[in-house]
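Novice: Enclosed is the structure file model-v8.csv (CSV, C-alpha atoms).
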chain,number,residue,atom,x,y,z
L,19,MET,CA,91.4,-43.9,42.2
L,20,ALA,CA,89.0,-42.6,39.6
L,21,ILE,CA,86.6,-40.0,40.6
L,22,GLU,CA,83.1,-40.4,39.2
L,23,PRO,CA,81.6,-37.2,37.6
L,24,LYS,CA,78.7,-35.6,39.5
L,25,SER,CA,75.3,-35.8,37.9
L,26,ARG,CA,74.1,-32.4,36.8
L,27,THR,CA,70.4,-31.2,37.0
L,28,MET,CA,69.4,-29.2,33.9
L,29,THR,CA,68.2,-25.7,35.1
L,30,PHE,CA,67.0,-22.7,33.2
L,31,PRO,CA,68.0,-19.2,34.1
L,32,ARG,CA,65.4,-17.2,35.9
L,33,VAL,CA,64.9,-15.1,32.8
L,34,GLY,CA,63.8,-18.1,30.9
L,35,LYS,CA,61.0,-18.8,33.3
L,36,PHE,CA,59.7,-15.3,32.9
L,37,ILE,CA,59.6,-15.7,29.1
L,38,ILE,CA,57.6,-18.9,29.4
L,39,ILE,CA,55.1,-17.2,31.8
L,40,PHE,CA,54.9,-14.2,29.5
L,41,PHE,CA,54.1,-16.2,26.4
L,42,ALA,CA,51.6,-18.4,28.3
L,43,ALA,CA,49.8,-15.3,29.6
L,44,ALA,CA,49.9,-13.7,26.2
L,45,PHE,CA,48.4,-16.8,24.7
L,46,ILE,CA,45.6,-16.8,27.3
L,47,ILE,CA,44.9,-13.1,26.7
L,48,VAL,CA,44.8,-13.6,23.0
L,49,GLY,CA,42.6,-16.6,23.3
L,50,VAL,CA,40.2,-14.7,25.6
L,51,ARG,CA,40.2,-11.7,23.2
L,52,ALA,CA,39.7,-14.0,20.2
L,53,TYR,CA,36.7,-15.6,21.9
L,54,GLN,CA,35.3,-12.2,22.8
L,55,LEU,CA,35.6,-11.0,19.2
L,56,TYR,CA,34.0,-14.2,18.0
L,57,GLN,CA,31.1,-13.5,20.3
L,58,TYR,CA,30.9,-9.9,19.0
L,59,VAL,CA,30.6,-11.2,15.5
L,60,PHE,CA,28.7,-14.4,15.6
L,61,GLN,CA,26.8,-14.6,18.9
L,62,PRO,CA,23.0,-13.6,18.8
L,63,ASN,CA,22.7,-9.9,19.5
L,64,VAL,CA,19.2,-8.9,18.5
L,65,LEU,CA,16.8,-9.1,21.5
L,66,SER,CA,13.5,-9.0,19.6
L,67,ASP,CA,11.9,-8.4,16.2
L,68,TYR,CA,12.3,-4.8,15.2
L,69,VAL,CA,11.7,-2.7,12.1
L,70,MET,CA,14.6,-0.2,11.4
L,71,LEU,CA,13.9,2.6,9.0
L,72,ILE,CA,17.1,4.3,7.7
L,73,LYS,CA,16.4,7.6,6.0
L,74,ASP,CA,18.4,9.5,3.5
L,75,ASP,CA,19.8,11.9,6.1
L,76,ASP,CA,20.5,9.3,8.8
L,77,THR,CA,24.1,8.8,10.1
L,78,PHE,CA,25.8,6.0,11.9
L,79,LYS,CA,25.3,7.9,15.1
L,80,THR,CA,21.5,8.4,14.6
L,81,VAL,CA,21.1,4.7,13.7
L,82,SER,CA,23.2,3.6,16.7
L,83,ASN,CA,21.3,6.0,19.1
L,84,ARG,CA,17.9,4.6,17.8
L,85,LEU,CA,19.0,1.0,18.5
L,86,GLU,CA,20.3,1.9,21.9
L,87,THR,CA,17.2,4.0,22.9
L,88,ASP,CA,14.8,1.2,21.8
L,89,MET,CA,17.0,-1.4,23.6
L,90,VAL,CA,17.2,-3.6,20.5
L,91,LEU,CA,20.6,-5.1,21.0
L,92,THR,CA,22.3,-7.1,23.8
L,93,SER,CA,25.6,-5.4,23.1
L,94,MET,CA,26.0,-2.0,21.5
L,95,LYS,CA,29.7,-2.4,21.8
L,96,ALA,CA,29.7,-5.4,19.5
L,97,PHE,CA,27.5,-3.6,17.0
L,98,LYS,CA,29.9,-0.6,16.9
L,99,TRP,CA,33.0,-2.8,16.7
L,100,VAL,CA,31.7,-4.9,13.8
L,101,SER,CA,30.3,-1.8,12.1
L,102,LYS,CA,33.7,-0.2,12.2
L,103,LYS,CA,35.5,-3.3,10.8
L,104,LYS,CA,33.0,-3.6,8.0
L,105,LYS,CA,32.9,0.2,7.3
L,106,PHE,CA,29.1,0.3,7.7
L,107,ALA,CA,29.2,4.1,8.2
L,108,ASP,CA,30.6,4.5,4.7
L,109,ASN,CA,28.1,2.1,3.2
L,110,MET,CA,24.8,3.1,4.8
L,111,ARG,CA,21.8,2.6,2.6
L,112,PRO,CA,18.3,4.0,3.2
L,113,GLY,CA,15.6,1.4,3.6
L,114,ARG,CA,13.2,-0.6,5.7
L,115,TYR,CA,15.0,-3.4,7.5
L,116,GLU,CA,13.4,-6.2,9.5
L,117,LEU,CA,15.6,-7.2,12.4
L,118,LYS,CA,14.8,-10.7,13.7
L,119,LYS,CA,15.3,-11.9,17.2
L,120,GLY,CA,18.5,-13.9,17.6
L,121,MET,CA,20.3,-12.3,14.7
L,122,SER,CA,24.1,-12.0,15.1
L,123,THR,CA,25.9,-8.7,14.8
L,124,ASN,CA,27.5,-10.0,11.7
L,125,GLU,CA,24.1,-10.8,10.1
L,126,LEU,CA,22.7,-7.4,11.2
L,127,VAL,CA,25.6,-5.3,9.8
L,128,ASN,CA,25.7,-7.3,6.6
L,129,MET,CA,22.0,-6.7,6.0
L,130,LEU,CA,22.2,-3.0,6.7
L,131,ARG,CA,25.3,-2.3,4.7
L,132,SER,CA,24.1,-4.3,1.7
L,133,GLY,CA,20.7,-2.6,1.5
L,134,ALA,CA,18.9,-6.0,1.8
L,135,GLN,CA,15.7,-4.4,2.9
L,136,GLN,CA,12.4,-6.3,3.0
L,137,PRO,CA,9.5,-5.2,0.8
L,138,VAL,CA,6.2,-4.0,2.2
L,139,ASN,CA,2.6,-4.8,1.1
L,140,ILE,CA,0.8,-1.7,0.0
L,141,THR,CA,-3.0,-2.0,0.1
L,142,PHE,CA,-5.5,0.6,-0.8
L,143,ASN,CA,-9.2,-0.2,-1.0
L,144,ASN,CA,-12.4,1.8,-0.4
L,145,VAL,CA,-10.7,4.9,-1.6
L,146,ARG,CA,-12.7,7.7,-3.2
L,147,PHE,CA,-10.7,10.9,-3.3
L,148,LYS,CA,-7.0,11.3,-4.4
L,149,GLU,CA,-6.3,12.8,-1.0
L,150,GLU,CA,-7.3,9.5,0.6
L,151,LEU,CA,-5.1,7.5,-1.7
L,152,ALA,CA,-2.1,9.7,-1.0
L,153,GLY,CA,-2.7,9.4,2.8
L,154,LYS,CA,-3.0,5.6,2.7
L,155,VAL,CA,0.0,4.9,0.4
L,156,SER,CA,2.3,7.3,2.2
L,157,LYS,CA,2.0,5.2,5.3
L,158,TYR,CA,3.8,2.4,3.6
L,159,ILE,CA,6.6,4.1,1.6
L,160,LYS,CA,9.1,6.9,2.0
L,161,ALA,CA,7.1,9.3,-0.4
L,162,ASP,CA,5.0,11.7,1.6
L,163,SER,CA,1.3,12.3,0.9
L,164,LEU,CA,2.0,15.7,-0.8
L,165,SER,CA,4.4,14.2,-3.4
L,166,ILE,CA,1.8,11.5,-4.2
L,167,LEU,CA,-0.9,14.1,-4.5
L,168,ASN,CA,1.2,16.1,-6.8
L,169,LEU,CA,1.1,13.2,-9.3
L,170,PHE,CA,-2.5,14.1,-10.1
L,171,SER,CA,-1.5,17.6,-11.3
L,172,ASP,CA,1.4,16.6,-13.5
L,173,GLU,CA,-0.6,17.1,-16.8
L,174,GLU,CA,2.4,16.3,-19.1
L,175,GLN,CA,3.1,12.9,-17.4
L,176,ILE,CA,-0.6,12.1,-17.2
L,177,LYS,CA,-1.1,12.8,-20.9
L,178,GLU,CA,2.0,10.7,-21.7
L,179,TRP,CA,0.4,7.7,-20.0
L,180,GLY,CA,-2.8,8.2,-22.0
L,181,PHE,CA,-5.1,9.8,-19.4
L,182,THR,CA,-6.6,13.2,-18.6
L,183,THR,CA,-6.5,14.8,-15.2
L,184,GLU,CA,-10.1,13.6,-14.7
L,185,THR,CA,-9.5,10.0,-15.8
L,186,PHE,CA,-6.1,9.6,-14.2
L,187,ARG,CA,-7.4,7.8,-11.1
L,188,ALA,CA,-8.5,4.9,-13.3
L,189,MET,CA,-4.8,4.0,-13.5
L,190,PHE,CA,-4.6,3.3,-9.8
L,191,ILE,CA,-6.4,-0.1,-9.4
L,192,PRO,CA,-7.0,-1.0,-5.8
L,193,ASN,CA,-5.1,-4.2,-4.8
L,194,THR,CA,-2.2,-5.3,-2.6
L,195,TYR,CA,1.2,-4.5,-4.2
L,196,GLU,CA,4.7,-5.4,-2.9
L,197,MET,CA,7.1,-2.5,-3.0
L,198,TYR,CA,10.1,-1.3,-1.1
L,199,TRP,CA,9.8,1.5,1.5
L,200,THR,CA,12.3,3.6,-0.5
L,201,THR,CA,9.7,3.9,-3.3
L,202,SER,CA,9.3,7.5,-4.4
L,203,ALA,CA,6.1,9.0,-5.6
L,204,GLN,CA,7.3,8.8,-9.2
L,205,ASP,CA,8.3,5.1,-8.7
L,206,PHE,CA,4.8,4.4,-7.3
L,207,ALA,CA,3.1,6.0,-10.2
L,208,GLU,CA,5.3,4.1,-12.7
L,209,ARG,CA,4.5,0.9,-10.9
L,210,MET,CA,0.7,1.6,-11.1
L,211,HIS,CA,1.0,2.3,-14.8
L,212,THR,CA,2.7,-1.1,-15.2
L,213,GLU,CA,0.0,-2.8,-13.2
L,214,PHE,CA,-2.7,-1.0,-15.2
L,215,GLN,CA,-1.2,-2.3,-18.4
L,216,LYS,CA,-0.9,-5.9,-17.0
L,217,PHE,CA,-4.5,-5.7,-15.7
L,218,TRP,CA,-5.9,-4.6,-19.1
L,219,ASN,CA,-5.0,-7.8,-20.9
L,220,GLU,CA,-6.4,-8.8,-24.3
L,221,GLU,CA,-9.5,-10.4,-22.9
L,222,ARG,CA,-10.5,-7.4,-20.9
L,223,ILE,CA,-9.7,-5.0,-23.7
L,224,ALA,CA,-11.8,-7.1,-26.1
L,225,LYS,CA,-14.8,-7.0,-23.7
L,226,ALA,CA,-14.5,-3.2,-23.4
L,227,GLU,CA,-14.4,-2.9,-27.2
L,228,LEU,CA,-17.6,-4.9,-27.5
L,229,LEU,CA,-19.2,-2.2,-25.3
L,230,ASN,CA,-17.5,0.5,-27.5
L,231,ILE,CA,-15.9,2.1,-24.5
L,232,SER,CA,-12.3,2.6,-23.3
L,233,PRO,CA,-10.7,1.1,-20.2
L,234,ALA,CA,-10.9,4.5,-18.5
L,235,GLU,CA,-14.6,4.7,-19.3
L,236,VAL,CA,-15.1,1.2,-17.9
L,237,SER,CA,-13.6,2.5,-14.7
L,238,ILE,CA,-15.9,5.4,-14.7
L,239,ILE,CA,-19.0,3.1,-14.9
L,240,ALA,CA,-17.4,0.8,-12.4
L,241,SER,CA,-16.9,3.6,-9.9
L,242,ILE,CA,-20.7,4.4,-10.1
L,243,VAL,CA,-21.7,0.8,-9.8
L,244,GLN,CA,-19.4,0.3,-6.8
L,245,SER,CA,-20.9,3.4,-5.2
L,246,GLU,CA,-24.4,2.3,-5.8
L,247,THR,CA,-24.3,-1.1,-3.9
L,248,ILE,CA,-22.4,-2.6,-1.1
L,249,LYS,CA,-23.6,-6.1,-2.2
L,250,LYS,CA,-20.9,-7.8,-4.4
L,251,ASP,CA,-23.4,-10.2,-5.9
L,252,GLU,CA,-25.5,-7.3,-7.1
L,253,LEU,CA,-22.6,-5.5,-9.0
L,254,PRO,CA,-23.2,-7.2,-12.4
L,255,ARG,CA,-26.9,-6.4,-12.3
L,256,VAL,CA,-26.3,-2.7,-11.4
L,257,ALA,CA,-23.7,-2.6,-14.2
L,258,GLY,CA,-26.2,-4.0,-16.6
L,259,LEU,CA,-28.6,-1.3,-15.7
L,260,TYR,CA,-26.2,1.5,-16.5
L,261,ILE,CA,-25.1,-0.2,-19.7
L,262,ASN,CA,-28.7,-0.3,-20.8
L,263,ARG,CA,-29.2,3.4,-20.0
L,264,LEU,CA,-26.1,4.3,-22.0
L,265,LYS,CA,-27.2,2.2,-25.0
L,266,LYS,CA,-30.7,3.8,-24.9
L,267,GLY,CA,-29.3,7.3,-24.5
L,268,ILE,CA,-31.0,7.7,-21.1
L,269,ALA,CA,-29.3,10.0,-18.6
L,270,LEU,CA,-27.7,7.9,-15.9
L,271,GLN,CA,-29.3,9.8,-13.1
L,272,ALA,CA,-27.0,8.1,-10.6
L,273,ASP,CA,-27.3,9.4,-7.0
L,274,PRO,CA,-23.6,8.8,-6.2
L,275,THR,CA,-22.5,11.2,-8.9
L,276,VAL,CA,-24.7,13.9,-7.4
L,277,LYS,CA,-23.1,13.2,-3.9
L,278,TYR,CA,-19.7,13.4,-5.6
L,279,ALA,CA,-20.6,16.7,-7.2
L,280,VAL,CA,-21.9,18.0,-3.8
L,281,GLY,CA,-18.8,16.7,-2.1
L,282,ASP,CA,-20.8,14.9,0.6
L,283,PHE,CA,-21.2,11.2,0.6
L,284,SER,CA,-22.9,11.2,4.0
L,285,ILE,CA,-26.1,12.3,2.3
L,286,LYS,CA,-28.7,9.6,3.0
L,287,ARG,CA,-31.5,11.3,0.9
L,288,VAL,CA,-30.8,13.0,-2.4
L,289,LEU,CA,-33.1,16.1,-2.6
L,290,ASN,CA,-34.2,18.3,-5.4
L,291,LYS,CA,-31.7,21.0,-4.4
L,292,HIS,CA,-28.9,18.4,-4.8
L,293,LEU,CA,-30.1,17.6,-8.3
L,294,GLU,CA,-29.7,21.2,-9.3
L,295,ILE,CA,-26.1,21.5,-8.5
L,296,GLU,CA,-24.0,22.7,-11.5
L,297,SER,CA,-21.3,20.1,-12.2
L,298,PRO,CA,-20.3,17.8,-15.1
L,299,TYR,CA,-20.6,15.0,-12.5
L,300,ASN,CA,-24.3,15.6,-12.0
L,301,THR,CA,-25.7,12.9,-14.2
L,302,TYR,CA,-29.2,14.2,-13.6
L,303,LYS,CA,-28.3,17.3,-15.5
L,304,TYR,CA,-25.9,15.9,-18.1
L,305,ALA,CA,-26.3,12.8,-20.1
L,306,GLY,CA,-23.6,10.3,-20.7
L,307,LEU,CA,-20.6,9.5,-18.5
L,308,PRO,CA,-19.1,12.0,-16.1
L,309,PRO,CA,-15.6,13.2,-16.9
L,310,GLY,CA,-13.9,10.7,-14.6
L,311,PRO,CA,-14.4,8.0,-11.9
L,312,ILE,CA,-16.0,9.1,-8.7
L,313,CYS,CA,-13.8,6.7,-6.7
L,314,PHE,CA,-11.0,4.2,-7.3
L,315,PRO,CA,-13.1,1.2,-8.5
L,316,THR,CA,-12.1,-2.2,-7.4
L,317,ILE,CA,-11.1,-5.1,-9.7
L,318,GLN,CA,-14.5,-6.7,-8.9
L,319,ALA,CA,-16.4,-3.7,-9.9
L,320,ILE,CA,-14.5,-3.3,-13.1
L,321,ASP,CA,-15.0,-7.0,-14.0
L,322,ALA,CA,-18.7,-6.6,-13.1
L,323,VAL,CA,-19.0,-4.0,-15.9
L,324,LEU,CA,-17.1,-6.1,-18.4
L,325,ASN,CA,-19.3,-9.1,-17.5
L,326,TYR,CA,-22.5,-7.3,-16.8
L,327,GLU,CA,-25.8,-9.0,-16.3
L,328,ASN,CA,-27.9,-9.0,-19.5
L,329,HIS,CA,-31.4,-7.8,-18.6
L,330,GLN,CA,-33.9,-5.0,-19.4
L,331,TYR,CA,-33.8,-3.0,-16.2
L,332,VAL,CA,-33.3,0.7,-16.5
L,333,TYR,CA,-34.4,1.8,-13.0
L,334,MET,CA,-33.3,0.9,-9.6
L,335,CYS,CA,-34.1,2.1,-6.1
L,336,ALA,CA,-32.9,1.0,-2.6
L,337,LYS,CA,-35.1,-1.6,-1.0
L,338,GLU,CA,-37.4,-0.4,1.7
L,339,ASP,CA,-36.0,-3.0,4.2
L,340,PHE,CA,-32.6,-1.2,4.2
L,341,SER,CA,-30.9,-4.5,3.5
L,342,GLY,CA,-28.5,-2.8,1.1
L,343,TYR,CA,-30.1,-4.5,-1.9
L,344,HIS,CA,-32.2,-2.8,-4.6
L,345,ASN,CA,-35.5,-3.1,-6.4
L,346,PHE,CA,-35.1,-3.0,-10.1
L,347,ALA,CA,-37.7,-2.0,-12.7
L,348,LYS,CA,-38.1,-2.0,-16.4
L,349,THR,CA,-40.8,0.7,-16.5
L,350,LEU,CA,-41.1,4.1,-14.9
L,351,ARG,CA,-44.4,3.2,-13.4
L,352,GLN,CA,-42.9,0.2,-11.5
L,353,HIS,CA,-40.0,2.4,-10.5
L,354,ASN,CA,-42.3,5.0,-9.0
L,355,LYS,CA,-43.9,2.4,-6.9
L,356,ASN,CA,-40.6,1.2,-5.6
L,357,ALA,CA,-39.4,4.7,-5.0
L,358,GLU,CA,-42.6,5.5,-3.0
L,359,MET,CA,-42.0,2.5,-0.8
L,360,TYR,CA,-38.5,3.6,-0.1
L,361,ARG,CA,-39.6,7.2,0.7
L,362,GLU,CA,-42.1,6.0,3.2
L,363,ALA,CA,-39.5,3.9,4.8
L,364,LEU,CA,-37.2,6.9,5.1
L,365,ASN,CA,-40.0,9.0,6.6
L,366,ASP,CA,-40.8,6.2,9.1
L,367,ARG,CA,-37.2,6.3,10.2
L,368,LYS,CA,-37.2,10.1,10.2
L,369,ILE,CA,-34.4,10.3,7.6
L,370,PHE,CA,-35.0,13.6,5.8
L,371,LYS,CA,-31.5,14.4,4.5
Show this structure as structure tokens.
Specialist:
Amino acid sequence: MAIEPKSRTMTFPRVGKFIIIFFAAAFIIVGVRAYQLYQYVFQPNVLSDYVMLIKDDDTFKTVSNRLETDMVLTSMKAFKWVSKKKKFADNMRPGRYELKKGMSTNELVNMLRSGAQQPVNITFNNVRFKEELAGKVSKYIKADSLSILNLFSDEEQIKEWGFTTETFRAMFIPNTYEMYWTTSAQDFAERMHTEFQKFWNEERIAKAELLNISPAEVSIIASIVQSETIKKDELPRVAGLYINRLKKGIALQADPTVKYAVGDFSIKRVLNKHLEIESPYNTYKYAGLPPGPICFPTIQAIDAVLNYENHQYVYMCAKEDFSGYHNFAKTLRQHNKNAEMYREALNDRKIFK
């Protein structure tokens, strides 16, 4: 009688089961870790908009501490891990960086290590003294106010650019300029020289030549005109008055130049004692133009000189209504009447100095 073979069930040794479990667990762990690393790299990490200034002496530690102290990131661990992988510590570049809300760690580190900083808008208006200019500009760029101020005493460089130490401020034309935070004082000056050359195009130079004056001298007149009136629509008329006085050889007798010589622009009433001050900027004592601008004249004031109003006025006096406008006169007799009205108005308001 034939005996049928028994069916056999395929079984794995116990060690085989452990291998399967091990690899399954390993795959899970690797998957979890891969997902975690993916999040480290690509998930949003920047909590809010933030400006990061990285200075020359900053280290990875100081940058990290700043981000952590200011609570800029969701995960500092992610930032440190990605920074290590991308060798950010060895590729740190000074600059001003704008971190945007929702940026991933990868985007952040790439921006910082590549030096892709965002420019800043530097604006300086209503500036009279070089100290004011230095103070305003240094708020926007890395250069400190002292290094900017030192530009005005570098006689060799000033001469090379075609100015004197007195006329040098004519090179700095008030406007808004886009620059990087890492701009040095020298970089700033070179940019201003470039802007000066661009501003003084053929058309403006031709108009200055018709007046027989240089661009720097136009700026000197413009600085006086700008200091005389706060009314923009009056600038060309005031400019025409000073052009007339120069052509006729009449002393400018501009009160703002006296205030500049005194060093006090808060003076409301120019007195005889002020007119006696010894200074080349005192246009009551010295005919012609002062040695340099008494402020940093605006583009509008400069263009007002180049496009001055053609008239016969040689005198002006503030209006007695304190509107900011002026009464203009062709004769000394009419001017004296205007001046008397203004003096009476000052007396009525008890303004004696």
Novice: Could you name the residues that touch Phe314 (chain L) at 8 Å or less, counting all atoms listed in the file, but leaving out those on the same chain fewer than 4 positions away, as a ChimeraX atom specification?
Specialist: /L:143-147,187-188,190-192,241
Novice: So, counting all atoms listed in the file, which residue among L:Glu338, L:Ala107, L:Asn230, L:Ala347 is closest to Asp366 (chain L)?
Specialist: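 Of the candidates, the smallest distance to Asp366 (chain L) is held by L:Glu338.
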Novice: Grab the CA of Ser284 (chain L) to CA of Ala269 (chain L) distance for me, in Å with one decimal place.
Specialist: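 Computing it gives 23.5 Å between the two atoms.
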Novice: Name the residues in contact with region 219-228 of chain L at a cut-off of 9 Å, using only C-alpha atoms, excluding same-chain residues fewer than 5 positions from it; report them as a PyMOL selection string.
Specialist: chain L and resi 233+235-236+321+323-325
Novice: Write out as an mmCIF file with C-alpha atoms, keeping the file's coordinate frame the residues lying within 12 Å of Lys79 (chain L), counting all atoms listed in the file and excluding same-chain residues fewer than 3 positions away.
Specialist:
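File written: selection08.cif
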data_model
loop_
_atom_site.group_PDB
_atom_site.id
_atom_site.type_symbol
_atom_site.label_atom_id
_atom_site.label_comp_id
_atom_site.auth_asym_id
_atom_site.auth_seq_id
_atom_site.Cartn_x
_atom_site.Cartn_y
_atom_site.Cartn_z
ATOM 1 C CA ILE L 72 17.100 4.300 7.700
ATOM 2 C CA ASP L 75 19.800 11.900 6.100
ATOM 3 C CA ASP L 76 20.500 9.300 8.800
ATOM 4 C CA SER L 82 23.200 3.600 16.700
ATOM 5 C CA ASN L 83 21.300 6.000 19.100
ATOM 6 C CA ARG L 84 17.900 4.600 17.800
ATOM 7 C CA LEU L 85 19.000 1.000 18.500
ATOM 8 C CA GLU L 86 20.300 1.900 21.900
ATOM 9 C CA THR L 87 17.200 4.000 22.900
ATOM 10 C CA MET L 94 26.000 -2.000 21.500
ATOM 11 C CA PHE L 97 27.500 -3.600 17.000
ATOM 12 C CA LYS L 98 29.900 -0.600 16.900
ATOM 13 C CA SER L 101 30.300 -1.800 12.100
ATOM 14 C CA PHE L 106 29.100 0.300 7.700
ATOM 15 C CA ALA L 107 29.200 4.100 8.200
ATOM 16 C CA MET L 110 24.800 3.100 4.800
#
Novice: Could you tell me which of L:Thr247, L:Gln318, L:Asn124, L:Thr201 comes closest to Val155 (chain L) if we count all atoms listed in the file?
Specialist: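 Looking only at the distances to Val155 (chain L), the closest residue turns out to be L:Thr201.
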Novice: From (15.3, -0.7, 4.4), in the file's coordinates, out to 7 Å: which residues are reached, counting only C-alpha atoms? Answer as a count of residues only.
Specialist: 11
Novice: With only C-alpha atoms as the atoms that count, which of L:Asn365, L:Ser132, L:Asn109, L:Ser163 lies nearest to Lys286 (chain L)?
Specialist: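 Between L:Asn365, L:Ser132, L:Asn109, L:Ser163, the residue approaching Lys286 (chain L) most closely is L:Asn365.
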Novice: Which residue, L:Glu174, L:Lys95, L:Glu246, L:Val332, has the smallest gap to Phe283 (chain L) when you use all atoms listed in the file?
Specialist: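 Comparing L:Glu174, L:Lys95, L:Glu246, L:Val332 against Phe283 (chain L), the winner is L:Glu246.
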Novice: Can you tell me which residues surround region 294-307 of chain L at a distance of at most 10 Å, considering all atoms listed in the file, apart from same-chain residues fewer than 2 positions away, and format the answer as a VMD selection string?
Specialist: chain L and resid 235 to 236 238 to 239 242 260 263 to 265 267 to 280 289 to 292 309 to 312
Novice: With C-alpha atoms kept, could you save the residues just selected as an mmCIF file, keeping the file's coordinate frame?
Specialist:
data_model
loop_
_atom_site.group_PDB
_atom_site.id
_atom_site.type_symbol
_atom_site.label_atom_id
_atom_site.label_comp_id
_atom_site.auth_asym_id
_atom_site.auth_seq_id
_atom_site.Cartn_x
_atom_site.Cartn_y
_atom_site.Cartn_z
ATOM 1 C CA GLU L 235 -14.600 4.700 -19.300
ATOM 2 C CA VAL L 236 -15.100 1.200 -17.900
ATOM 3 C CA ILE L 238 -15.900 5.400 -14.700
ATOM 4 C CA ILE L 239 -19.000 3.100 -14.900
ATOM 5 C CA ILE L 242 -20.700 4.400 -10.100
ATOM 6 C CA TYR L 260 -26.200 1.500 -16.500
ATOM 7 C CA ARG L 263 -29.200 3.400 -20.000
ATOM 8 C CA LEU L 264 -26.100 4.300 -22.000
ATOM 9 C CA LYS L 265 -27.200 2.200 -25.000
ATOM 10 C CA GLY L 267 -29.300 7.300 -24.500
ATOM 11 C CA ILE L 268 -31.000 7.700 -21.100
ATOM 12 C CA ALA L 269 -29.300 10.000 -18.600
ATOM 13 C CA LEU L 270 -27.700 7.900 -15.900
ATOM 14 C CA GLN L 271 -29.300 9.800 -13.100
ATOM 15 C CA ALA L 272 -27.000 8.100 -10.600
ATOM 16 C CA ASP L 273 -27.300 9.400 -7.000
ATOM 17 C CA PRO L 274 -23.600 8.800 -6.200
ATOM 18 C CA THR L 275 -22.500 11.200 -8.900
ATOM 19 C CA VAL L 276 -24.700 13.900 -7.400
ATOM 20 C CA LYS L 277 -23.100 13.200 -3.900
ATOM 21 C CA TYR L 278 -19.700 13.400 -5.600
ATOM 22 C CA ALA L 279 -20.600 16.700 -7.200
ATOM 23 C CA VAL L 280 -21.900 18.000 -3.800
ATOM 24 C CA LEU L 289 -33.100 16.100 -2.600
ATOM 25 C CA ASN L 290 -34.200 18.300 -5.400
ATOM 26 C CA LYS L 291 -31.700 21.000 -4.400
ATOM 27 C CA HIS L 292 -28.900 18.400 -4.800
ATOM 28 C CA PRO L 309 -15.600 13.200 -16.900
ATOM 29 C CA GLY L 310 -13.900 10.700 -14.600
ATOM 30 C CA PRO L 311 -14.400 8.000 -11.900
ATOM 31 C CA ILE L 312 -16.000 9.100 -8.700
#
Novice: Select, from L:Leu169, L:Lys118, L:Asn193, L:Thr200, the residue with the minimum atom-to-atom distance to Pro137 (chain L), counting all atoms listed in the file.
Specialist: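 When distances to Pro137 (chain L) are compared using all atoms listed in the file, the smallest one comes from L:Thr200.
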Novice: With only C-alpha atoms as the counted atoms, please give the residues lying no more than 12 Å from region 119-122 of chain L, apart from itself and same-chain residues fewer than 3 positions off, as a PyMOL selection string.
Specialist: chain L and resi 56-69+90-93+96-97+100+116+125-129
Novice: Write to file, as a PDB file, in the frame of the given file, the residues of the selection just made, with C-alpha atoms.
Specialist:
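Output file selection-v7.pdb is given in full below:
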ATOM      1  CA  TYR L  56      34.000 -14.200  18.000  1.00  0.00           C
ATOM      2  CA  GLN L  57      31.100 -13.500  20.300  1.00  0.00           C
ATOM      3  CA  TYR L  58      30.900  -9.900  19.000  1.00  0.00           C
ATOM      4  CA  VAL L  59      30.600 -11.200  15.500  1.00  0.00           C
ATOM      5  CA  PHE L  60      28.700 -14.400  15.600  1.00  0.00           C
ATOM      6  CA  GLN L  61      26.800 -14.600  18.900  1.00  0.00           C
ATOM      7  CA  PRO L  62      23.000 -13.600  18.800  1.00  0.00           C
ATOM      8  CA  ASN L  63      22.700  -9.900  19.500  1.00  0.00           C
ATOM      9  CA  VAL L  64      19.200  -8.900  18.500  1.00  0.00           C
ATOM     10  CA  LEU L  65      16.800  -9.100  21.500  1.00  0.00           C
ATOM     11  CA  SER L  66      13.500  -9.000  19.600  1.00  0.00           C
ATOM     12  CA  ASP L  67      11.900  -8.400  16.200  1.00  0.00           C
ATOM     13  CA  TYR L  68      12.300  -4.800  15.200  1.00  0.00           C
ATOM     14  CA  VAL L  69      11.700  -2.700  12.100  1.00  0.00           C
ATOM     15  CA  VAL L  90      17.200  -3.600  20.500  1.00  0.00           C
ATOM     16  CA  LEU L  91      20.600  -5.100  21.000  1.00  0.00           C
ATOM     17  CA  THR L  92      22.300  -7.100  23.800  1.00  0.00           C
ATOM     18  CA  SER L  93      25.600  -5.400  23.100  1.00  0.00           C
ATOM     19  CA  ALA L  96      29.700  -5.400  19.500  1.00  0.00           C
ATOM     20  CA  PHE L  97      27.500  -3.600  17.000  1.00  0.00           C
ATOM     21  CA  VAL L 100      31.700  -4.900  13.800  1.00  0.00           C
ATOM     22  CA  GLU L 116      13.400  -6.200   9.500  1.00  0.00           C
ATOM     23  CA  GLU L 125      24.100 -10.800  10.100  1.00  0.00           C
ATOM     24  CA  LEU L 126      22.700  -7.400  11.200  1.00  0.00           C
ATOM     25  CA  VAL L 127      25.600  -5.300   9.800  1.00  0.00           C
ATOM     26  CA  ASN L 128      25.700  -7.300   6.600  1.00  0.00           C
ATOM     27  CA  MET L 129      22.000  -6.700   6.000  1.00  0.00           C
TER      28      MET L 129
END
